[in-house]
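Structure file protein18.json; described as JSON, C-alpha atoms.
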```json
[["chain", "number", "residue", "atom", "x", "y", "z"],
["A", 42, "MET", "CA", 47.31, 100.89, 97.64],
["A", 43, "VAL", "CA", 49.67, 103.59, 96.41],
["A", 44, "PRO", "CA", 53.27, 102.41, 96.96],
["A", 45, "LEU", "CA", 55.36, 104.12, 99.61],
["A", 46, "TRP", "CA", 57.93, 105.54, 97.20],
["A", 47, "MET", "CA", 55.30, 107.73, 95.57],
["A", 48, "TYR", "CA", 54.67, 109.51, 98.85],
["A", 49, "LEU", "CA", 58.42, 109.85, 99.31],
["A", 50, "PHE", "CA", 58.69, 111.27, 95.79],
["A", 51, "VAL", "CA", 56.04, 113.91, 96.47],
["A", 52, "SER", "CA", 57.65, 114.75, 99.79],
["A", 53, "ALA", "CA", 61.15, 115.05, 98.26],
["A", 54, "ALA", "CA", 59.84, 117.27, 95.48],
["A", 55, "LEU", "CA", 58.02, 119.51, 97.95],
["A", 56, "PHE", "CA", 61.14, 119.74, 100.12],
["A", 57, "SER", "CA", 63.28, 120.72, 97.11],
["A", 58, "ILE", "CA", 60.77, 123.39, 96.08],
["A", 59, "GLY", "CA", 61.00, 124.73, 99.62],
["A", 60, "ILE", "CA", 64.80, 124.79, 99.49],
["A", 61, "PHE", "CA", 64.69, 126.73, 96.24],
["A", 62, "GLY", "CA", 62.26, 129.23, 97.75],
["A", 63, "VAL", "CA", 64.31, 129.73, 100.92],
["A", 64, "LEU", "CA", 67.52, 130.34, 98.98],
["A", 65, "SER", "CA", 66.19, 132.46, 96.15],
["A", 66, "ARG", "CA", 63.28, 134.67, 97.28],
["A", 67, "ARG", "CA", 64.04, 138.21, 98.35],
["A", 68, "ASN", "CA", 60.98, 138.81, 100.51],
["A", 69, "ALA", "CA", 61.32, 137.49, 104.06],
["A", 70, "ILE", "CA", 57.65, 136.42, 104.20],
["A", 71, "ALA", "CA", 58.16, 134.32, 101.05],
["A", 72, "VAL", "CA", 61.11, 132.68, 102.81],
["A", 73, "ILE", "CA", 58.85, 131.81, 105.76],
["A", 74, "MET", "CA", 56.25, 130.34, 103.40],
["A", 75, "SER", "CA", 58.95, 128.18, 101.81],
["A", 76, "ILE", "CA", 59.99, 126.96, 105.25],
["A", 77, "GLU", "CA", 56.38, 125.95, 105.88],
["A", 78, "LEU", "CA", 56.48, 123.94, 102.65],
["A", 79, "MET", "CA", 59.60, 122.10, 103.86],
["A", 80, "LEU", "CA", 58.00, 121.33, 107.25],
["A", 81, "ASN", "CA", 55.01, 119.93, 105.38],
["A", 82, "ALA", "CA", 57.24, 117.70, 103.28],
["A", 83, "ALA", "CA", 58.81, 116.32, 106.46],
["A", 84, "ASN", "CA", 55.34, 115.67, 107.86],
["A", 85, "ILE", "CA", 54.26, 113.74, 104.77],
["A", 86, "ASN", "CA", 57.33, 111.54, 105.20],
["A", 87, "LEU", "CA", 56.62, 110.93, 108.90],
["A", 88, "VAL", "CA", 53.00, 109.95, 108.33],
["A", 89, "ALA", "CA", 53.79, 107.83, 105.25],
["A", 90, "PHE", "CA", 56.47, 105.82, 107.05],
["A", 91, "TRP", "CA", 54.15, 105.40, 110.03],
["A", 92, "ARG", "CA", 51.37, 104.11, 107.79],
["A", 93, "TYR", "CA", 53.51, 101.71, 105.75],
["A", 94, "LEU", "CA", 55.94, 100.36, 108.34],
["A", 95, "ASN", "CA", 54.30, 100.50, 111.74],
["A", 96, "PRO", "CA", 50.59, 101.37, 111.61],
["A", 97, "ALA", "CA", 49.84, 99.58, 114.89],
["A", 98, "GLU", "CA", 51.83, 102.10, 116.93],
["A", 99, "ILE", "CA", 50.62, 105.65, 117.45],
["A", 100, "ASN", "CA", 54.11, 107.21, 117.53],
["A", 101, "GLY", "CA", 54.20, 108.44, 113.94],
["A", 102, "GLN", "CA", 51.07, 110.55, 114.27],
["A", 103, "VAL", "CA", 52.13, 111.93, 117.64],
["A", 104, "PHE", "CA", 55.49, 113.00, 116.21],
["A", 105, "ALA", "CA", 53.74, 114.71, 113.29],
["A", 106, "ALA", "CA", 51.52, 116.57, 115.77],
["A", 107, "PHE", "CA", 54.65, 117.86, 117.53],
["A", 108, "VAL", "CA", 55.93, 119.09, 114.17],
["A", 109, "PHE", "CA", 52.68, 121.05, 113.81],
["A", 110, "ALA", "CA", 53.20, 122.75, 117.16],
["A", 111, "VAL", "CA", 56.81, 123.64, 116.37],
["A", 112, "ALA", "CA", 55.77, 124.98, 112.96],
["A", 113, "ALA", "CA", 53.15, 127.20, 114.59],
["A", 114, "ALA", "CA", 55.72, 128.55, 117.06],
["A", 115, "GLU", "CA", 58.22, 129.16, 114.28],
["A", 116, "ALA", "CA", 55.70, 131.01, 112.11],
["A", 117, "ALA", "CA", 54.57, 133.24, 115.00],
["A", 118, "VAL", "CA", 58.10, 134.24, 116.03],
["A", 119, "GLY", "CA", 59.29, 134.65, 112.45],
["A", 120, "LEU", "CA", 56.42, 136.90, 111.44],
["A", 121, "ALA", "CA", 56.82, 138.96, 114.62],
["A", 122, "LEU", "CA", 60.49, 139.47, 113.78],
["A", 123, "ILE", "CA", 59.60, 140.50, 110.23],
["A", 124, "LEU", "CA", 57.02, 143.01, 111.50],
["A", 125, "SER", "CA", 59.55, 144.43, 113.95],
["A", 126, "ILE", "CA", 62.20, 144.77, 111.23],
["A", 127, "TYR", "CA", 59.66, 146.40, 108.94],
["A", 128, "ARG", "CA", 58.74, 148.90, 111.63],
["A", 129, "ASN", "CA", 62.36, 149.84, 112.25],
["A", 130, "ARG", "CA", 63.83, 149.75, 108.75],
["A", 131, "GLN", "CA", 60.81, 149.95, 106.40],
["A", 132, "THR", "CA", 61.89, 146.85, 104.47],
["A", 133, "VAL", "CA", 61.14, 143.15, 104.31],
["A", 134, "ILE", "CA", 63.82, 142.43, 101.69],
["A", 135, "VAL", "CA", 66.29, 139.97, 103.13],
["A", 136, "GLU", "CA", 69.40, 141.55, 101.58],
["A", 137, "ASP", "CA", 68.57, 144.99, 102.98],
["A", 138, "VAL", "CA", 68.71, 143.70, 106.55],
["A", 139, "ASN", "CA", 72.48, 143.54, 106.86],
["A", 140, "ILE", "CA", 73.28, 145.23, 110.17],
["A", 141, "LEU", "CA", 74.77, 141.97, 111.48],
["A", 142, "LYS", "CA", 76.92, 141.59, 108.38],
["A", 143, "TRP", "CA", 80.58, 142.08, 109.15],
["B", 97, "MET", "CA", 49.67, 99.86, 89.32],
["B", 98, "GLU", "CA", 46.09, 99.92, 88.12],
["B", 99, "LEU", "CA", 44.08, 103.09, 88.24],
["B", 100, "THR", "CA", 41.92, 102.93, 91.32],
["B", 101, "TRP", "CA", 39.99, 105.66, 93.08],
["B", 102, "GLU", "CA", 42.76, 105.80, 95.63],
["B", 103, "SER", "CA", 45.53, 106.35, 93.10],
["B", 104, "LEU", "CA", 43.39, 108.93, 91.34],
["B", 105, "ALA", "CA", 42.87, 110.78, 94.62],
["B", 106, "PHE", "CA", 46.60, 110.50, 95.32],
["B", 107, "LEU", "CA", 47.33, 112.01, 91.91],
["B", 108, "ILE", "CA", 44.94, 114.92, 92.45],
["B", 109, "PHE", "CA", 46.21, 115.70, 95.95],
["B", 110, "SER", "CA", 49.88, 115.46, 95.02],
["B", 111, "VAL", "CA", 49.32, 117.72, 92.01],
["B", 112, "LEU", "CA", 47.56, 120.21, 94.32],
["B", 113, "SER", "CA", 50.39, 119.96, 96.81],
["B", 114, "LEU", "CA", 53.29, 120.26, 94.35],
["B", 115, "GLY", "CA", 51.62, 122.73, 92.01],
["B", 116, "GLY", "CA", 50.70, 124.93, 94.95],
["B", 117, "GLY", "CA", 54.26, 124.68, 96.24],
["B", 118, "LEU", "CA", 55.74, 125.66, 92.89],
["B", 119, "ALA", "CA", 53.33, 128.58, 92.66],
["B", 120, "VAL", "CA", 54.38, 129.71, 96.17],
["B", 121, "VAL", "CA", 58.02, 130.08, 95.14],
["B", 122, "THR", "CA", 57.41, 131.44, 91.62],
["B", 123, "LEU", "CA", 54.50, 133.87, 91.83],
["B", 124, "ARG", "CA", 55.50, 137.51, 91.89],
["B", 125, "ASN", "CA", 52.58, 138.74, 93.96],
["B", 126, "LEU", "CA", 53.06, 137.65, 97.56],
["B", 127, "PHE", "CA", 49.34, 137.65, 98.26],
["B", 128, "HIS", "CA", 48.82, 135.09, 95.50],
["B", 129, "SER", "CA", 51.74, 133.10, 96.89],
["B", 130, "ALA", "CA", 50.00, 132.91, 100.25],
["B", 131, "LEU", "CA", 46.75, 131.72, 98.65],
["B", 132, "MET", "CA", 48.72, 129.08, 96.75],
["B", 133, "LEU", "CA", 50.33, 128.06, 100.04],
["B", 134, "MET", "CA", 46.83, 127.36, 101.33],
["B", 135, "LEU", "CA", 46.17, 125.21, 98.26],
["B", 136, "SER", "CA", 49.38, 123.28, 98.81],
["B", 137, "LEU", "CA", 48.57, 122.73, 102.49],
["B", 138, "PHE", "CA", 45.12, 121.51, 101.51],
["B", 139, "GLY", "CA", 46.68, 118.98, 99.13],
["B", 140, "THR", "CA", 48.88, 117.75, 101.96],
["B", 141, "ALA", "CA", 45.80, 117.37, 104.16],
["B", 142, "GLY", "CA", 44.30, 115.18, 101.44],
["B", 143, "LEU", "CA", 47.43, 113.04, 101.43],
["B", 144, "PHE", "CA", 47.02, 112.62, 105.21],
["B", 145, "VAL", "CA", 43.47, 111.38, 104.64],
["B", 146, "LEU", "CA", 44.78, 108.84, 102.13],
["B", 147, "LEU", "CA", 47.34, 107.73, 104.72],
["B", 148, "VAL", "CA", 44.49, 107.07, 107.18],
["B", 149, "ALA", "CA", 45.43, 109.91, 109.51],
["B", 150, "PRO", "CA", 42.16, 111.88, 109.66],
["B", 151, "PHE", "CA", 43.10, 113.66, 112.89],
["B", 152, "LEU", "CA", 46.25, 115.08, 111.32],
["B", 153, "ALA", "CA", 44.29, 116.10, 108.23],
["B", 154, "ALA", "CA", 41.83, 118.03, 110.40],
["B", 155, "VAL", "CA", 44.66, 119.64, 112.36],
["B", 156, "GLN", "CA", 46.34, 120.54, 109.08],
["B", 157, "VAL", "CA", 43.23, 122.36, 107.88],
["B", 158, "LEU", "CA", 42.50, 124.03, 111.21],
["B", 159, "VAL", "CA", 46.00, 125.01, 112.31],
["B", 160, "TYR", "CA", 47.87, 125.46, 109.04],
["B", 161, "ILE", "CA", 45.21, 126.83, 106.72],
["B", 162, "GLY", "CA", 43.08, 128.40, 109.44],
["B", 163, "ALA", "CA", 45.80, 129.97, 111.57],
["B", 164, "ILE", "CA", 49.29, 130.02, 110.10],
["B", 165, "ALA", "CA", 48.26, 130.94, 106.55],
["B", 166, "ILE", "CA", 45.97, 133.68, 107.87],
["B", 167, "LEU", "CA", 48.84, 134.95, 110.04],
["B", 168, "ILE", "CA", 51.02, 135.09, 106.94],
["B", 169, "LEU", "CA", 48.31, 136.98, 105.06],
["B", 170, "PHE", "CA", 48.13, 139.52, 107.89],
["B", 171, "ALA", "CA", 51.91, 139.95, 107.81],
["B", 172, "ILE", "CA", 51.83, 140.44, 104.04],
["B", 173, "MET", "CA", 49.14, 143.09, 104.28],
["B", 174, "LEU", "CA", 50.91, 144.90, 107.14],
["B", 175, "THR", "CA", 54.12, 145.13, 105.11],
["B", 176, "ARG", "CA", 52.69, 145.67, 101.67],
["B", 177, "THR", "CA", 53.82, 149.23, 100.88],
["B", 178, "ILE", "CA", 56.73, 148.04, 98.79],
["B", 179, "MET", "CA", 54.97, 145.02, 97.36],
["B", 180, "GLY", "CA", 55.09, 144.88, 93.59],
["B", 181, "VAL", "CA", 58.03, 147.21, 93.03],
["B", 182, "GLN", "CA", 60.58, 144.55, 93.92],
["B", 183, "THR", "CA", 62.03, 141.78, 91.83],
["B", 184, "THR", "CA", 61.10, 138.31, 93.00],
["B", 185, "TYR", "CA", 64.47, 136.58, 93.12],
["B", 186, "ASN", "CA", 67.87, 137.55, 94.41],
["B", 187, "SER", "CA", 71.08, 137.24, 92.42],
["B", 188, "GLN", "CA", 71.79, 133.69, 93.56],
["B", 189, "TRP", "CA", 68.60, 132.13, 92.22],
["B", 190, "ILE", "CA", 70.37, 130.01, 89.57],
["B", 191, "GLY", "CA", 72.64, 128.55, 92.24],
["B", 192, "SER", "CA", 69.59, 127.96, 94.43],
["B", 193, "ALA", "CA", 67.83, 126.09, 91.63],
["B", 194, "ILE", "CA", 70.89, 123.90, 91.12],
["B", 195, "ALA", "CA", 71.15, 123.23, 94.86],
["B", 196, "ALA", "CA", 67.46, 122.32, 95.06],
["B", 197, "LEU", "CA", 67.79, 119.95, 92.09],
["B", 198, "LEU", "CA", 70.89, 118.38, 93.67],
["B", 199, "VAL", "CA", 69.03, 117.79, 96.93],
["B", 200, "PHE", "CA", 66.11, 116.33, 95.00],
["B", 201, "GLY", "CA", 68.44, 113.99, 93.11],
["B", 202, "LEU", "CA", 70.13, 112.85, 96.33],
["B", 203, "LEU", "CA", 66.76, 112.18, 97.98],
["B", 204, "LEU", "CA", 65.67, 110.20, 94.90],
["B", 205, "LEU", "CA", 68.86, 108.12, 95.10],
["B", 206, "THR", "CA", 68.19, 107.43, 98.78],
["B", 207, "PHE", "CA", 64.73, 105.99, 98.37],
["B", 208, "THR", "CA", 65.04, 104.43, 94.91],
["B", 209, "PRO", "CA", 65.81, 101.03, 96.51],
["B", 210, "LEU", "CA", 62.32, 101.20, 98.01],
["B", 211, "GLY", "CA", 60.96, 100.89, 94.47],
["B", 212, "ASP", "CA", 62.82, 97.60, 93.95],
["B", 213, "ASP", "CA", 60.81, 94.43, 93.84],
["B", 214, "VAL", "CA", 62.24, 92.97, 97.04],
["B", 215, "PHE", "CA", 61.23, 95.93, 99.18],
["B", 216, "ASP", "CA", 57.99, 96.25, 97.30],
["B", 217, "GLU", "CA", 57.09, 92.66, 98.11],
["B", 218, "GLN", "CA", 57.99, 93.09, 101.76],
["B", 219, "LEU", "CA", 55.93, 96.24, 102.01],
["B", 220, "SER", "CA", 52.95, 94.81, 100.20],
["B", 221, "ALA", "CA", 53.19, 91.70, 102.39],
["B", 222, "ASN", "CA", 52.96, 94.05, 105.34],
["B", 223, "LEU", "CA", 49.94, 95.70, 103.86],
["B", 224, "GLU", "CA", 48.11, 92.58, 102.84],
["B", 225, "GLU", "CA", 47.82, 91.69, 106.49],
["B", 226, "ASP", "CA", 46.51, 95.19, 106.99],
["B", 227, "PRO", "CA", 44.39, 96.21, 104.00],
["B", 228, "VAL", "CA", 43.14, 99.74, 103.99],
["B", 229, "ASP", "CA", 39.47, 98.82, 104.31],
["B", 230, "ASP", "CA", 39.64, 97.34, 107.78],
["B", 231, "VAL", "CA", 42.45, 99.37, 109.25],
["B", 232, "ASP", "CA", 42.08, 99.95, 112.92],
["B", 233, "TYR", "CA", 41.74, 103.72, 112.62],
["B", 234, "VAL", "CA", 43.73, 105.59, 115.19],
["B", 235, "THR", "CA", 40.99, 107.63, 116.78],
["B", 236, "VAL", "CA", 41.28, 111.05, 118.35],
["B", 237, "GLU", "CA", 40.59, 109.35, 121.67],
["B", 238, "GLU", "CA", 43.65, 107.15, 121.32],
["B", 239, "ILE", "CA", 45.81, 110.13, 120.38],
["B", 240, "GLY", "CA", 44.50, 112.02, 123.40],
["B", 241, "ILE", "CA", 45.32, 109.11, 125.66],
["B", 242, "ALA", "CA", 48.81, 108.89, 124.17],
["B", 243, "PHE", "CA", 49.32, 112.59, 124.87],
["B", 244, "SER", "CA", 48.20, 112.43, 128.47],
["B", 245, "THR", "CA", 49.51, 109.23, 130.01],
["B", 246, "ARG", "CA", 52.92, 108.57, 131.45],
["B", 247, "ALA", "CA", 53.30, 105.49, 129.26],
["B", 248, "GLY", "CA", 52.63, 107.76, 126.32],
["B", 249, "PHE", "CA", 54.00, 111.20, 125.58],
["B", 250, "VAL", "CA", 52.98, 113.42, 128.48],
["B", 251, "LEU", "CA", 56.44, 114.91, 129.06],
["B", 252, "PRO", "CA", 57.11, 115.85, 125.40],
["B", 253, "PHE", "CA", 53.56, 117.18, 125.25],
["B", 254, "GLU", "CA", 54.13, 119.47, 128.24],
["B", 255, "ILE", "CA", 57.46, 120.62, 126.84],
["B", 256, "VAL", "CA", 55.95, 121.46, 123.47],
["B", 257, "SER", "CA", 53.12, 123.34, 125.24],
["B", 258, "LEU", "CA", 55.73, 125.37, 127.11],
["B", 259, "LEU", "CA", 57.60, 126.00, 123.85],
["B", 260, "LEU", "CA", 54.43, 127.22, 122.16],
["B", 261, "THR", "CA", 53.51, 129.50, 125.07],
["B", 262, "ALA", "CA", 57.00, 130.97, 125.22],
["B", 263, "ALA", "CA", 57.07, 131.46, 121.45],
["B", 264, "LEU", "CA", 53.70, 133.23, 121.41],
["B", 265, "ILE", "CA", 54.61, 135.53, 124.33],
["B", 266, "GLY", "CA", 57.92, 136.23, 122.62],
["B", 267, "ALA", "CA", 56.14, 137.03, 119.38],
["B", 268, "ILE", "CA", 53.90, 139.55, 121.16],
["B", 269, "VAL", "CA", 56.89, 141.18, 122.87],
["B", 270, "VAL", "CA", 58.90, 141.39, 119.66],
["B", 271, "ALA", "CA", 56.09, 142.72, 117.49],
["B", 272, "ARG", "CA", 54.71, 145.22, 120.03],
["B", 273, "GLU", "CA", 55.02, 148.94, 119.32],
["B", 274, "ASP", "CA", 57.51, 150.63, 121.58],
["B", 275, "GLU", "CA", 55.66, 152.87, 124.00],
["B", 276, "ALA", "CA", 58.12, 155.72, 123.74]]
```

Now that the file is in, can you turn its structure into structure tokens?
Amino acid sequence: MVPLWMYLFVSAALFSIGIFGVLSRRNAIAVIMSIELMLNAANINLVAFWRYLNPAEINGQVFAAFVFAVAAAEAAVGLALILSIYRNRQTVIVEDVNILKW
Amino acid sequence: MELTWESLAFLIFSVLSLGGGLAVVTLRNLFHSALMLMLSLFGTAGLFVLLVAPFLAAVQVLVYIGAIAILILFAIMLTRTIMGVQTTYNSQWIGSAIAALLVFGLLLLTFTPLGDDVFDEQLSANLEEDPVDDVDYVTVEEIGIAFSTRAGFVLPFEIVSLLLTAALIGAIVVAREDEA
């Protein structure tokens, strides 16, 4: 069986890719996609630890299912906000949305 | 570690997952990014299958690839007038790359001890009692029971249902055209 640290390696790499995307992309939708990558990395970790440390309990899978629901809620609200901003200001570039900047 | 079918599948799925992820953050065309996001999510679903979580793999394909990725595609197409004329990265992308590498290094440091022989032996001892061939698969039925009994997770389940409903209603309200 593949050792646990390999899953953790993949998950850490995916999380770091997501961090890079969130911090560096200019388009707000690209930022949301990067956030989805990070949520996925967290999910890989949850399921891997469940499988390797405590496969008799169901908790790990249930927790991962909750992460799915929260990710769906986050994507829906985030994309709605982006559409609303686009309608009002004709831009989806993160730096151009600076009305809250003091 | 010898090359088994499982490790080969792990290799393929992790390459799909990581390569797709890299393409998401590097591709200039957002539409291609979204397609690559689907690829990455599919790779993750494969990893779930390898971890003996078939329910989560199915949910990953149905909810993530089937719903969230399509939602993202819709958002991209609704806002695409300025697509292509913009540069991909903002001015702080070098700093972001350094920060991401730092986080990656810290995470590596955290779980490197897991690669040590002691932990490896403990873990493989755990797994030898529970080899992958005769795992008691957690069935959808068991997950459903866990979600709907008081001994299980009925309260968190109801709360997350409420959260999802509120988020979706909020999304409709926020995205609706003003009837002025």

Shortest interatomic distance to Ile73 in chain A - which of B:Ala141, B:Val157, B:Leu167, B:Leu118, counting all atoms listed in the file: B:Leu167

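Closest approach to Phe107 in chain A from the set B:Leu152, B:Ala105, B:Leu205, B:Ile168 is made by B:Leu152, with distances taken over only C-alpha atoms.
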
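When all atoms listed in the file are used to compute distances to Ile60 in chain A, the closest of the residues B:Phe106, B:Phe200, B:Trp101, B:Phe170 turns out to be B:Phe200.
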
Pick out the residues sitting within 12 Å of Ala153 in chain B, and hand them over as a ChimeraX atom specification; count only C-alpha atoms, and ignore anything fewer than 6 positions along from it in its own chain. /A:81,84-85,88,102,105-106,109 /B:137-147,159-161,236

Test item: which residues lie within 12 Å of (54.4, 105.8, 105.9) counting all atoms listed in the file, as a ChimeraX atom specification: /A:42-49,52,83-98,100-102,105 /B:143-144,146-149,219,222-223

What does the file look like for those residues with C-alpha atoms, as a compact mmCIF listing (two decimals), in the frame of the given file?
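Okay, out.txt is ready:
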```txt
# COMPACT_ATOMS: atom_id res chain seq x y z
CA MET A 42 47.31 100.89 97.64
CA VAL A 43 49.67 103.59 96.41
CA PRO A 44 53.27 102.41 96.96
CA LEU A 45 55.36 104.12 99.61
CA TRP A 46 57.93 105.54 97.20
CA MET A 47 55.30 107.73 95.57
CA TYR A 48 54.67 109.51 98.85
CA LEU A 49 58.42 109.85 99.31
CA SER A 52 57.65 114.75 99.79
CA ALA A 83 58.81 116.32 106.46
CA ASN A 84 55.34 115.67 107.86
CA ILE A 85 54.26 113.74 104.77
CA ASN A 86 57.33 111.54 105.20
CA LEU A 87 56.62 110.93 108.90
CA VAL A 88 53.00 109.95 108.33
CA ALA A 89 53.79 107.83 105.25
CA PHE A 90 56.47 105.82 107.05
CA TRP A 91 54.15 105.40 110.03
CA ARG A 92 51.37 104.11 107.79
CA TYR A 93 53.51 101.71 105.75
CA LEU A 94 55.94 100.36 108.34
CA ASN A 95 54.30 100.50 111.74
CA PRO A 96 50.59 101.37 111.61
CA ALA A 97 49.84 99.58 114.89
CA GLU A 98 51.83 102.10 116.93
CA ASN A 100 54.11 107.21 117.53
CA GLY A 101 54.20 108.44 113.94
CA GLN A 102 51.07 110.55 114.27
CA ALA A 105 53.74 114.71 113.29
CA LEU B 143 47.43 113.04 101.43
CA PHE B 144 47.02 112.62 105.21
CA LEU B 146 44.78 108.84 102.13
CA LEU B 147 47.34 107.73 104.72
CA VAL B 148 44.49 107.07 107.18
CA ALA B 149 45.43 109.91 109.51
CA LEU B 219 55.93 96.24 102.01
CA ASN B 222 52.96 94.05 105.34
CA LEU B 223 49.94 95.70 103.86
```

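Put simply, CA of Phe243 in chain B is 22.2 Å away from CA of Ala163 in chain B.
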
Could you please give me, as a CSV table (one decimal) with C-alpha atoms, in the coordinates of the input, the residues of protein, DNA or RNA lying at most 12 Å from (53.2, 136.4, 117.1) in the coordinate frame of the file, considering only C-alpha atoms?
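What landed in selection_25.csv:
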```csv
chain,number,residue,atom,x,y,z
A,113,ALA,CA,53.2,127.2,114.6
A,114,ALA,CA,55.7,128.6,117.1
A,115,GLU,CA,58.2,129.2,114.3
A,116,ALA,CA,55.7,131.0,112.1
A,117,ALA,CA,54.6,133.2,115.0
A,118,VAL,CA,58.1,134.2,116.0
A,119,GLY,CA,59.3,134.6,112.4
A,120,LEU,CA,56.4,136.9,111.4
A,121,ALA,CA,56.8,139.0,114.6
A,122,LEU,CA,60.5,139.5,113.8
A,123,ILE,CA,59.6,140.5,110.2
A,124,LEU,CA,57.0,143.0,111.5
A,125,SER,CA,59.6,144.4,114.0
B,163,ALA,CA,45.8,130.0,111.6
B,164,ILE,CA,49.3,130.0,110.1
B,167,LEU,CA,48.8,135.0,110.0
B,168,ILE,CA,51.0,135.1,106.9
B,170,PHE,CA,48.1,139.5,107.9
B,171,ALA,CA,51.9,140.0,107.8
B,260,LEU,CA,54.4,127.2,122.2
B,261,THR,CA,53.5,129.5,125.1
B,262,ALA,CA,57.0,131.0,125.2
B,263,ALA,CA,57.1,131.5,121.4
B,264,LEU,CA,53.7,133.2,121.4
B,265,ILE,CA,54.6,135.5,124.3
B,266,GLY,CA,57.9,136.2,122.6
B,267,ALA,CA,56.1,137.0,119.4
B,268,ILE,CA,53.9,139.6,121.2
B,269,VAL,CA,56.9,141.2,122.9
B,270,VAL,CA,58.9,141.4,119.7
B,271,ALA,CA,56.1,142.7,117.5
B,272,ARG,CA,54.7,145.2,120.0
```

To one decimal place in Å, what is the distance between CA of Phe249 in chain B and CA of Phe151 in chain B? 16.9 Å

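Closest to chain B among A:Gly62, A:Glu77, A:Trp143, A:Ile134 is A:Gly62, based on only C-alpha atoms.
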
List as a list in words the protein and nucleic acid residues near Val250 in chain B, meaning an atom at most 12 Å away when all atoms listed in the file are counted, but skip any in the same chain fewer than 5 places from it. Val103 and Phe107 of chain A; Ile239, Gly240, Ile241, Ala242, Phe243, Ser244, Thr245, Ile255, Val256 and Ser257 of chain B

Put those residues in a file: C-alpha atoms, as a PDB file, in the coordinates of the input.
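part_21.pdb written:
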```
ATOM      1  CA  VAL A 103      52.130 111.930 117.640  1.00  0.00           C
ATOM      2  CA  PHE A 107      54.650 117.860 117.530  1.00  0.00           C
TER       3      PHE A 107
ATOM      4  CA  ILE B 239      45.810 110.130 120.380  1.00  0.00           C
ATOM      5  CA  GLY B 240      44.500 112.020 123.400  1.00  0.00           C
ATOM      6  CA  ILE B 241      45.320 109.110 125.660  1.00  0.00           C
ATOM      7  CA  ALA B 242      48.810 108.890 124.170  1.00  0.00           C
ATOM      8  CA  PHE B 243      49.320 112.590 124.870  1.00  0.00           C
ATOM      9  CA  SER B 244      48.200 112.430 128.470  1.00  0.00           C
ATOM     10  CA  THR B 245      49.510 109.230 130.010  1.00  0.00           C
ATOM     11  CA  ILE B 255      57.460 120.620 126.840  1.00  0.00           C
ATOM     12  CA  VAL B 256      55.950 121.460 123.470  1.00  0.00           C
ATOM     13  CA  SER B 257      53.120 123.340 125.240  1.00  0.00           C
TER      14      SER B 257
END
```

Nearest to Val63 in chain A by atom-to-atom distance, counting only C-alpha atoms, from A:Ala82, A:Phe104, A:Arg128, A:Val135: A:Val135

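Proximity ranking of A:Ala69, A:Ser57, A:Leu64, A:Ile76 relative to Ile126 in chain A places A:Ala69 first, based on all atoms listed in the file.
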
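Between CA of Arg246 in chain B and CA of Ala154 in chain B there is a distance of 25.6 Å.
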
List the spatial neighbours of Gly59 in chain A as a list of chain:residue names - criterion: any atom at most 7 Å away, all atoms listed in the file, same-chain residues fewer than 6 positions off excluded. A:Ser75, A:Ile76, A:Leu78, A:Met79

Take the residues that were just selected and, keeping C-alpha atoms, output them as a JSON list (two decimals), in the coordinates of the input.
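The file below, part.json, is the result:
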```
[["chain", "number", "residue", "atom", "x", "y", "z"],
["A", 75, "SER", "CA", 58.95, 128.18, 101.81],
["A", 76, "ILE", "CA", 59.99, 126.96, 105.25],
["A", 78, "LEU", "CA", 56.48, 123.94, 102.65],
["A", 79, "MET", "CA", 59.60, 122.10, 103.86]]
```

At the level of N, CA, C and O atoms, write range 126-132 of chain A to a file as a PDB file, in the first residue's frame, please.
```
ATOM      1  N   ILE A 126     -20.408  42.292  -8.809  1.00  0.00           N
ATOM      2  CA  ILE A 126     -19.360  43.307  -9.008  1.00  0.00           C
ATOM      3  C   ILE A 126     -19.189  43.600 -10.494  1.00  0.00           C
ATOM      4  O   ILE A 126     -19.068  44.757 -10.911  1.00  0.00           O
ATOM      5  N   TYR A 127     -19.217  42.540 -11.315  1.00  0.00           N
ATOM      6  CA  TYR A 127     -19.042  42.730 -12.749  1.00  0.00           C
ATOM      7  C   TYR A 127     -20.160  43.587 -13.318  1.00  0.00           C
ATOM      8  O   TYR A 127     -19.937  44.444 -14.166  1.00  0.00           O
ATOM      9  N   ARG A 128     -21.378  43.361 -12.796  1.00  0.00           N
ATOM     10  CA  ARG A 128     -22.512  44.118 -13.319  1.00  0.00           C
ATOM     11  C   ARG A 128     -22.395  45.598 -12.953  1.00  0.00           C
ATOM     12  O   ARG A 128     -22.743  46.466 -13.725  1.00  0.00           O
ATOM     13  N   ASN A 129     -21.854  45.863 -11.745  1.00  0.00           N
ATOM     14  CA  ASN A 129     -21.798  47.251 -11.304  1.00  0.00           C
ATOM     15  C   ASN A 129     -20.560  47.984 -11.777  1.00  0.00           C
ATOM     16  O   ASN A 129     -20.587  49.182 -11.980  1.00  0.00           O
ATOM     17  N   ARG A 130     -19.436  47.286 -11.929  1.00  0.00           N
ATOM     18  CA  ARG A 130     -18.186  47.991 -12.224  1.00  0.00           C
ATOM     19  C   ARG A 130     -17.508  47.503 -13.485  1.00  0.00           C
ATOM     20  O   ARG A 130     -16.407  47.946 -13.805  1.00  0.00           O
ATOM     21  N   GLN A 131     -18.117  46.523 -14.195  1.00  0.00           N
ATOM     22  CA  GLN A 131     -17.559  46.019 -15.454  1.00  0.00           C
ATOM     23  C   GLN A 131     -16.119  45.521 -15.314  1.00  0.00           C
ATOM     24  O   GLN A 131     -15.288  45.712 -16.182  1.00  0.00           O
ATOM     25  N   THR A 132     -15.808  44.895 -14.177  1.00  0.00           N
ATOM     26  CA  THR A 132     -14.472  44.330 -14.027  1.00  0.00           C
ATOM     27  C   THR A 132     -14.526  43.118 -13.125  1.00  0.00           C
ATOM     28  O   THR A 132     -15.390  43.012 -12.247  1.00  0.00           O
TER      29      THR A 132
END
```
